Structure formats: C-alpha cells, structure tokens
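To start, the structure under review is shown below, and the notes come after it.
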Amino acid sequence: MTLFFPDLNVWLALSVEGHTHNSAAWRWMGSVSAESRVAFSRYTQIGLLRLLTNAAAMGGRVLTIQEAWSTYDGWREDPRVEFYPEPRDVEAAFREAMEPFAAKPSSKWVGDCWLLAFAAGTGAALVTFDRALFEFARKQGHAAVIPR
C-alpha cells in the first residue's frame, strides 16, 4: 500500500471546481489505486475548512461552515481517504525539518516543515504543487509528488 499526504493546496484544488490546479489534482487523484491511501491530518482538515469558508480564498464561491464540513465528509466517503492522527514522534521530525531555517524569520516554512514532518512520520509521499517544498522534501530524502 502506498500512502499519499496531499498538502492543503492539493486538497483545495481537488475540492474547488475552477481552481487553477483542479484538473491536475484530479488527474493525480484518478491515478491513485484502490489499494493506496490518501491522508488527511488535523492540520490539512482544519486548513481546508478554513479556506473553503474564507472569502479571500474562495471569492464568490465561499462556503458556509456546514458546507465546508460536507465537503470534508465527502472526502471521507472515498475509501482511499483516511484521517491519520499525529505521529507520536512528529515533534522531533518537525524540529529537524525546520533546522535549515533556524536563523531566518520564515513563517511560510513553518507550515511546510510540519507537512514534511507529518509525511515522514507516517511514511507518506508528500503531494504538493509547491515546487520549493517539493525540492526541499526531495533534498531531505523524502518522497514527494507534484500532480500533473
């Protein structure tokens, strides 16, 4: 079984028709076999709910909280999609992932390093459209995928 861990932008692209990366995200999701798993974490769950209900992110297609939960619930109906709890030792991996940025005020990398630590802790391939995150993951020796 292969485990994939999409970052928030991939979940958003999959969830919002008309999103810039919707087609690429769905091509990737369509290639995920029935034996594979696609993971949500608390971080990506909360992030998806937040973005789906945010007017700045969604423009005229903003969802209510109830509608956002329905979107998430729809994902959970897919037998390939599962919620994965936080790995027990994820903090150590999180701190290790952040080490290259220790002397920088790099707020973007805080979330990205968390995603990488979670993927590493669960043995998942990180799925992202973010080329910088993709390259960083690969340099750190972690599996990463860019949907095409």
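Following the order of the structure tokens, first chain is A, next is B, and so on, with residues numbered from 1 inside each chain and ligands from 1 in the order they appear.
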
Output as a tab-separated table (two decimals) with N, CA and C atoms, in the first residue's frame all residues of chain A that backbone DSSP marks as strand (DSSP E or B).
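New file states-v6.tsv:
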chain	number	residue	atom	x	y	z
A	3	LEU	N	0.99	5.29	0.70
A	3	LEU	CA	0.29	6.35	1.42
A	3	LEU	C	0.73	7.69	0.87
A	4	PHE	N	-0.25	8.51	0.51
A	4	PHE	CA	0.00	9.86	0.00
A	4	PHE	C	-0.54	10.87	1.00
A	5	PHE	N	0.18	11.97	1.15
A	5	PHE	CA	-0.23	13.04	2.05
A	5	PHE	C	-0.29	14.36	1.27
A	6	PRO	N	-1.47	14.71	0.73
A	6	PRO	CA	-1.59	15.97	0.00
A	6	PRO	C	-1.49	17.18	0.94
A	37	ARG	N	-3.69	4.79	-0.06
A	37	ARG	CA	-4.43	5.64	0.87
A	37	ARG	C	-3.97	7.08	0.69
A	38	VAL	N	-4.92	8.00	0.90
A	38	VAL	CA	-4.67	9.43	0.81
A	38	VAL	C	-5.04	10.01	2.18
A	39	ALA	N	-4.08	10.65	2.82
A	39	ALA	CA	-4.24	11.03	4.22
A	39	ALA	C	-4.63	12.49	4.42
A	40	PHE	N	-5.58	12.67	5.31
A	40	PHE	CA	-5.84	13.97	5.93
A	40	PHE	C	-5.16	13.94	7.28
A	81	VAL	N	-9.45	7.60	1.16
A	81	VAL	CA	-9.14	8.75	2.01
A	81	VAL	C	-9.36	8.40	3.47
A	82	GLU	N	-8.33	8.66	4.26
A	82	GLU	CA	-8.40	8.39	5.70
A	82	GLU	C	-7.84	9.56	6.48
A	83	PHE	N	-8.30	9.68	7.71
A	83	PHE	CA	-7.74	10.65	8.65
A	83	PHE	C	-6.64	9.95	9.42
A	125	ALA	N	4.16	9.77	1.00
A	125	ALA	CA	4.73	10.65	-0.02
A	125	ALA	C	3.95	11.97	0.05
A	126	LEU	N	4.65	13.07	0.20
A	126	LEU	CA	4.03	14.38	0.23
A	126	LEU	C	3.59	14.75	-1.19
A	127	VAL	N	2.36	15.21	-1.33
A	127	VAL	CA	1.83	15.62	-2.62
A	127	VAL	C	1.63	17.13	-2.57
A	144	ALA	N	8.16	12.72	-2.62
A	144	ALA	CA	7.27	13.83	-2.91
A	144	ALA	C	6.76	13.69	-4.35
A	145	VAL	N	5.57	14.21	-4.57
A	145	VAL	CA	4.90	14.12	-5.86
A	145	VAL	C	4.32	15.47	-6.21

Can you tell me, as a PyMOL selection string, what residues are no more than 12 Å from Met98 (chain A) when counting only C-alpha atoms, ignoring any on the same chain fewer than 4 positions away? chain A and resi 91-94+102-117+136-137+140

Would you save the residues from that selection as a short mmCIF file (atom, residue, chain, number, x, y, z; two decimals), in the first residue's frame, using N, CA and C atoms?
data_model
loop_
_atom_site.label_atom_id
_atom_site.label_comp_id
_atom_site.auth_asym_id
_atom_site.auth_seq_id
_atom_site.Cartn_x
_atom_site.Cartn_y
_atom_site.Cartn_z
N GLU A 91 7.18 15.72 16.64
CA GLU A 91 7.84 16.97 17.01
C GLU A 91 9.33 16.94 16.70
N ALA A 92 9.97 15.82 16.95
CA ALA A 92 11.40 15.71 16.64
C ALA A 92 11.64 15.89 15.14
N ALA A 93 10.81 15.26 14.32
CA ALA A 93 10.94 15.40 12.87
C ALA A 93 10.63 16.83 12.43
N PHE A 94 9.67 17.47 13.09
CA PHE A 94 9.32 18.86 12.79
C PHE A 94 10.50 19.78 13.08
N ALA A 102 16.50 27.87 10.84
CA ALA A 102 16.59 28.29 12.24
C ALA A 102 16.99 29.75 12.41
N ALA A 103 17.82 30.27 11.55
CA ALA A 103 18.29 31.65 11.69
C ALA A 103 17.47 32.64 10.87
N LYS A 104 16.34 32.18 10.32
CA LYS A 104 15.54 33.04 9.43
C LYS A 104 14.14 33.22 10.00
N PRO A 105 13.52 34.36 9.72
CA PRO A 105 12.10 34.52 10.03
C PRO A 105 11.29 33.98 8.84
N SER A 106 11.08 32.69 8.82
CA SER A 106 10.49 32.06 7.63
C SER A 106 9.13 31.46 7.94
N SER A 107 8.13 32.30 8.11
CA SER A 107 6.81 31.81 8.52
C SER A 107 6.20 30.82 7.53
N LYS A 108 6.43 30.99 6.25
CA LYS A 108 5.89 30.05 5.27
C LYS A 108 6.42 28.65 5.51
N TRP A 109 7.67 28.57 5.88
CA TRP A 109 8.29 27.26 6.07
C TRP A 109 7.84 26.55 7.33
N VAL A 110 7.27 27.25 8.28
CA VAL A 110 6.78 26.58 9.49
C VAL A 110 5.72 25.54 9.11
N GLY A 111 4.72 25.96 8.37
CA GLY A 111 3.68 25.03 7.93
C GLY A 111 4.21 23.96 7.00
N ASP A 112 5.07 24.36 6.08
CA ASP A 112 5.63 23.39 5.13
C ASP A 112 6.46 22.33 5.85
N CYS A 113 7.23 22.74 6.84
CA CYS A 113 8.03 21.79 7.60
C CYS A 113 7.15 20.85 8.41
N TRP A 114 6.03 21.37 8.89
CA TRP A 114 5.08 20.49 9.59
C TRP A 114 4.54 19.42 8.63
N LEU A 115 4.16 19.83 7.44
CA LEU A 115 3.68 18.87 6.45
C LEU A 115 4.73 17.81 6.16
N LEU A 116 5.96 18.24 5.99
CA LEU A 116 7.04 17.30 5.71
C LEU A 116 7.26 16.35 6.88
N ALA A 117 7.24 16.87 8.10
CA ALA A 117 7.43 16.04 9.29
C ALA A 117 6.31 15.02 9.42
N PHE A 136 12.66 20.76 -1.53
CA PHE A 136 13.15 20.62 -0.16
C PHE A 136 12.91 19.21 0.35
N ALA A 137 11.73 18.68 0.11
CA ALA A 137 11.41 17.31 0.54
C ALA A 137 12.37 16.32 -0.10
N GLN A 140 15.77 16.40 1.38
CA GLN A 140 15.77 15.81 2.72
C GLN A 140 15.60 14.29 2.66
#

Please run DSSP on the backbone and report, as a PyMOL selection string, all residues within region 15-60 of chain A that come out as helix (DSSP H, G or I). chain A and resi 15+22-31+42-52+55-60

Which distance in Å separates CA of Thr71 (chain A) and CA of Ala132 (chain A), to one decimal?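 These atoms are spaced 28.2 Å apart.
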
Just the residues within 9 Å of Arg42 (chain A), please, counting only C-alpha atoms, with nothing from its chain fewer than 3 positions along; format it as a VMD selection string. chain A and resid 45 to 47 83 to 86

Atoms to include: C-alpha atoms. Write the selected residues as a PDB file, in the first residue's frame.
ATOM      1  CA  GLN A  45      -8.503  19.178   7.752  1.00  0.00           C
ATOM      2  CA  ILE A  46      -8.577  22.499   9.629  1.00  0.00           C
ATOM      3  CA  GLY A  47      -6.843  24.282   6.765  1.00  0.00           C
ATOM      4  CA  PHE A  83      -7.743  10.650   8.647  1.00  0.00           C
ATOM      5  CA  TYR A  84      -4.335   9.952  10.157  1.00  0.00           C
ATOM      6  CA  PRO A  85      -3.567  11.048  13.712  1.00  0.00           C
ATOM      7  CA  GLU A  86      -0.385  12.876  14.526  1.00  0.00           C
TER       8      GLU A  86
END

Write out as number ranges by chain which residues come within 9 Å of Ala68 (chain A) when counting only C-alpha atoms, dropping same-chain ones fewer than 4 positions away. A: 48-53, 63-64, 72-73

Take the residues from that selection and put them in a file with N, CA and C atoms, as an mmCIF file, in the first residue's frame.
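File written: again-v8.cif
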data_model
loop_
_atom_site.group_PDB
_atom_site.id
_atom_site.type_symbol
_atom_site.label_atom_id
_atom_site.label_comp_id
_atom_site.auth_asym_id
_atom_site.auth_seq_id
_atom_site.Cartn_x
_atom_site.Cartn_y
_atom_site.Cartn_z
ATOM 1 N N LEU A 48 -8.340 23.097 5.252
ATOM 2 C CA LEU A 48 -9.352 23.028 4.200
ATOM 3 C C LEU A 48 -10.644 23.696 4.658
ATOM 4 N N LEU A 49 -11.077 23.410 5.868
ATOM 5 C CA LEU A 49 -12.291 24.048 6.389
ATOM 6 C C LEU A 49 -12.129 25.570 6.424
ATOM 7 N N ARG A 50 -10.968 26.031 6.848
ATOM 8 C CA ARG A 50 -10.699 27.473 6.930
ATOM 9 C C ARG A 50 -10.733 28.117 5.550
ATOM 10 N N LEU A 51 -10.058 27.520 4.569
ATOM 11 C CA LEU A 51 -10.004 28.127 3.238
ATOM 12 C C LEU A 51 -11.341 28.081 2.511
ATOM 13 N N LEU A 52 -12.072 26.984 2.653
ATOM 14 C CA LEU A 52 -13.374 26.889 1.986
ATOM 15 C C LEU A 52 -14.366 27.929 2.504
ATOM 16 N N THR A 53 -14.161 28.399 3.720
ATOM 17 C CA THR A 53 -15.072 29.381 4.327
ATOM 18 C C THR A 53 -14.491 30.793 4.335
ATOM 19 N N LEU A 63 -17.960 29.055 1.077
ATOM 20 C CA LEU A 63 -18.904 28.101 1.652
ATOM 21 C C LEU A 63 -19.214 28.455 3.094
ATOM 22 N N THR A 64 -20.365 28.005 3.544
ATOM 23 C CA THR A 64 -20.664 28.104 4.970
ATOM 24 C C THR A 64 -19.851 27.028 5.685
ATOM 25 N N TYR A 72 -15.614 18.094 3.352
ATOM 26 C CA TYR A 72 -14.681 17.191 4.038
ATOM 27 C C TYR A 72 -15.305 15.799 4.195
ATOM 28 N N ASP A 73 -16.562 15.758 4.614
ATOM 29 C CA ASP A 73 -17.246 14.466 4.783
ATOM 30 C C ASP A 73 -17.306 13.694 3.471
#

Pick from A:Thr122, A:Val32, A:Tyr43, A:Ala55, whichever lies nearest to Pro79 (chain A) using only C-alpha atoms: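 Selected residue with least distance to Pro79 (chain A): A:Val32.
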
Shortest interatomic distance to Thr20 (chain A) - which of A:Ser70, A:Phe129, A:Ala119, A:Arg95, counting only C-alpha atoms: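 Ranking A:Ser70, A:Phe129, A:Ala119, A:Arg95 by distance to Thr20 (chain A), first place goes to A:Phe129.
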
Nearest to Asp89 (chain A): which of A:Trp69, A:Phe101, A:Trp75, A:Phe118 is it, counting only C-alpha atoms?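 Of A:Trp69, A:Phe101, A:Trp75, A:Phe118, the one nearest Asp89 (chain A) is A:Phe118, counting only C-alpha atoms.
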
So what do you get for CA of Asp130 (chain A) versus CA of Ile146 (chain A), distance-wise?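 CA of Ile146 (chain A) lies 7.9 Å from CA of Asp130 (chain A).
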
Hey, can you check how far CA of Arg76 (chain A) sits from CA of Thr128 (chain A)?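 Spanning CA of Arg76 (chain A) to CA of Thr128 (chain A) is a straight-line distance of 19.8 Å.
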